[in-house]
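S.K.: Coordinates in start-v4.cif, mmCIF, C-alpha atoms, pLDDT in the B column; chains and numbers go by the auth columns, are listed below.
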data_work
loop_
_atom_site.group_PDB
_atom_site.id
_atom_site.type_symbol
_atom_site.label_atom_id
_atom_site.label_comp_id
_atom_site.label_asym_id
_atom_site.label_seq_id
_atom_site.Cartn_x
_atom_site.Cartn_y
_atom_site.Cartn_z
_atom_site.B_iso_or_equiv
_atom_site.auth_seq_id
_atom_site.auth_asym_id
ATOM 1 C CA MET A 1 -17.577 48.547 33.293 60.00 235 A
ATOM 2 C CA ARG A 2 -20.675 49.732 31.553 76.00 236 A
ATOM 3 C CA GLY A 3 -23.494 47.477 30.381 71.00 237 A
ATOM 4 C CA SER A 4 -22.360 47.489 26.753 81.00 238 A
ATOM 5 C CA GLU A 5 -18.834 46.486 27.746 87.00 239 A
ATOM 6 C CA VAL A 6 -20.160 43.551 29.783 88.00 240 A
ATOM 7 C CA LYS A 7 -22.369 42.445 26.884 89.00 241 A
ATOM 8 C CA GLY A 8 -19.403 42.669 24.519 90.00 242 A
ATOM 9 C CA ALA A 9 -17.192 40.648 26.862 92.00 243 A
ATOM 10 C CA VAL A 10 -19.882 37.970 27.294 92.00 244 A
ATOM 11 C CA ALA A 11 -20.449 37.832 23.531 93.00 245 A
ATOM 12 C CA PHE A 12 -16.695 37.500 22.956 94.00 246 A
ATOM 13 C CA VAL A 13 -16.401 34.670 25.491 95.00 247 A
ATOM 14 C CA ILE A 14 -19.377 32.839 23.946 95.00 248 A
ATOM 15 C CA PHE A 15 -17.956 33.315 20.453 94.00 249 A
ATOM 16 C CA LEU A 16 -14.553 32.061 21.619 95.00 250 A
ATOM 17 C CA ALA A 17 -16.129 28.989 23.250 95.00 251 A
ATOM 18 C CA LEU A 18 -18.084 28.185 20.073 94.00 252 A
ATOM 19 C CA ALA A 19 -14.979 28.604 17.933 94.00 253 A
ATOM 20 C CA VAL A 20 -12.989 26.241 20.184 93.00 254 A
ATOM 21 C CA LEU A 21 -15.796 23.660 20.150 93.00 255 A
ATOM 22 C CA PHE A 22 -16.058 23.970 16.357 92.00 256 A
ATOM 23 C CA LEU A 23 -12.302 23.469 15.926 91.00 257 A
ATOM 24 C CA LEU A 24 -12.172 20.569 18.391 93.00 258 A
ATOM 25 C CA GLY A 25 -15.134 18.967 16.631 92.00 259 A
ATOM 26 C CA PHE A 26 -13.284 18.986 13.323 92.00 260 A
ATOM 27 C CA LEU A 27 -10.121 17.686 14.973 93.00 261 A
ATOM 28 C CA LEU A 28 -12.065 14.927 16.699 94.00 262 A
ATOM 29 C CA PHE A 29 -13.725 14.021 13.397 94.00 263 A
ATOM 30 C CA ALA A 30 -10.318 13.866 11.699 95.00 264 A
ATOM 31 C CA VAL A 31 -8.894 11.642 14.446 96.00 265 A
ATOM 32 C CA VAL A 32 -11.882 9.292 14.243 96.00 266 A
ATOM 33 C CA LEU A 33 -11.633 9.178 10.451 97.00 267 A
ATOM 34 C CA ILE A 34 -7.924 8.341 10.587 98.00 268 A
ATOM 35 C CA ALA A 35 -8.528 5.673 13.244 98.00 269 A
ATOM 36 C CA VAL A 36 -11.273 4.044 11.169 98.00 270 A
ATOM 37 C CA GLY A 37 -9.047 4.112 8.087 97.00 271 A
ATOM 38 C CA LEU A 38 -6.213 2.460 9.991 98.00 272 A
ATOM 39 C CA LEU A 39 -8.538 -0.222 11.355 98.00 273 A
ATOM 40 C CA VAL A 40 -9.856 -0.976 7.865 98.00 274 A
ATOM 41 C CA PHE A 41 -6.325 -1.148 6.462 98.00 275 A
ATOM 42 C CA ILE A 42 -5.087 -3.408 9.270 98.00 276 A
ATOM 43 C CA GLY A 43 -8.158 -5.630 8.939 97.00 277 A
ATOM 44 C CA PHE A 44 -7.656 -5.967 5.189 98.00 278 A
ATOM 45 C CA TYR A 45 -3.958 -6.740 5.709 98.00 279 A
ATOM 46 C CA ILE A 46 -4.762 -9.465 8.261 98.00 280 A
ATOM 47 C CA TYR A 47 -7.433 -10.906 5.954 97.00 281 A
ATOM 48 C CA ILE A 48 -4.972 -11.152 3.033 97.00 282 A
ATOM 49 C CA ARG A 49 -2.242 -12.671 5.236 97.00 283 A
ATOM 50 C CA LEU A 50 -4.651 -15.276 6.635 96.00 284 A
ATOM 51 C CA LYS A 51 -5.949 -16.094 3.168 95.00 285 A
ATOM 52 C CA LEU A 52 -2.411 -16.604 1.870 94.00 286 A
ATOM 53 C CA TRP A 53 -1.519 -18.700 4.926 94.00 287 A
ATOM 54 C CA TRP A 54 -4.630 -20.850 4.467 92.00 288 A
ATOM 55 C CA ALA A 55 -3.847 -21.422 0.777 89.00 289 A
ATOM 56 C CA ARG A 56 -0.287 -22.423 1.641 89.00 290 A
ATOM 57 C CA ARG A 57 -1.368 -24.793 4.441 90.00 291 A
ATOM 58 C CA HIS A 58 -4.244 -26.327 2.454 86.00 292 A
ATOM 59 C CA PRO A 59 -3.140 -26.849 -1.152 80.00 293 A
ATOM 60 C CA PRO A 60 -5.766 -27.894 -3.690 78.00 294 A
ATOM 61 C CA LYS A 61 -6.539 -31.597 -3.765 75.00 295 A
ATOM 62 C CA GLU A 62 -5.049 -33.442 -6.702 74.00 296 A
ATOM 63 C CA LEU A 63 -7.711 -35.401 -8.499 65.00 297 A
ATOM 64 C CA GLU A 64 -6.488 -38.741 -9.810 72.00 298 A
ATOM 65 C CA ARG A 65 -9.361 -41.241 -9.989 72.00 299 A
ATOM 66 C CA PRO A 66 -12.835 -40.770 -11.469 72.00 300 A
ATOM 67 C CA GLU A 67 -14.300 -41.049 -7.904 68.00 301 A
ATOM 68 C CA ASP A 68 -12.454 -37.900 -6.921 64.00 302 A
ATOM 69 C CA TYR A 69 -14.556 -35.873 -9.350 65.00 303 A
ATOM 70 C CA PHE A 70 -17.846 -36.719 -7.621 63.00 304 A
#
Before we go any further, please render this structure as structure tokens.
M.R.:
Amino acid sequence: MRGSEVKGAVAFVIFLALAVLFLLGFLLFAVVLIAVGLLVFIGFYIYIRLKLWWARRHPPKELERPEDYF
């Protein structure tokens, strides 16, 4: 192999490595974004379920006497 062929092969390998890293970076970013979205959704769902459970287990106090208002 001549010098120019070696340089071309090295440049191609470097370009290929950068392209793979670039693609994997975007894929990793997408996976992290989806994971964060799922965690937020699950957290919000648990929050709503706990809030509904708390409201069902602790109904509002019925005020009957004037002392209950103070």
S.K.: Between CA of Ala251 in chain A and CA of Val270 in chain A, measure the distance and give it in Å to one decimal.
M.R.: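 Rounded to one decimal, the two atoms are 28.1 Å apart.
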S.K.: Can you work out the spacing between CA of Phe256 in chain A and CA of Ile268 in chain A in Å, to one decimal?
M.R.: 18.5 Å
S.K.: Just give me the gap between CA of His292 in chain A and CA of Gly277 in chain A in Å, one decimal is fine.
M.R.: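 A separation of 22.0 Å between them.
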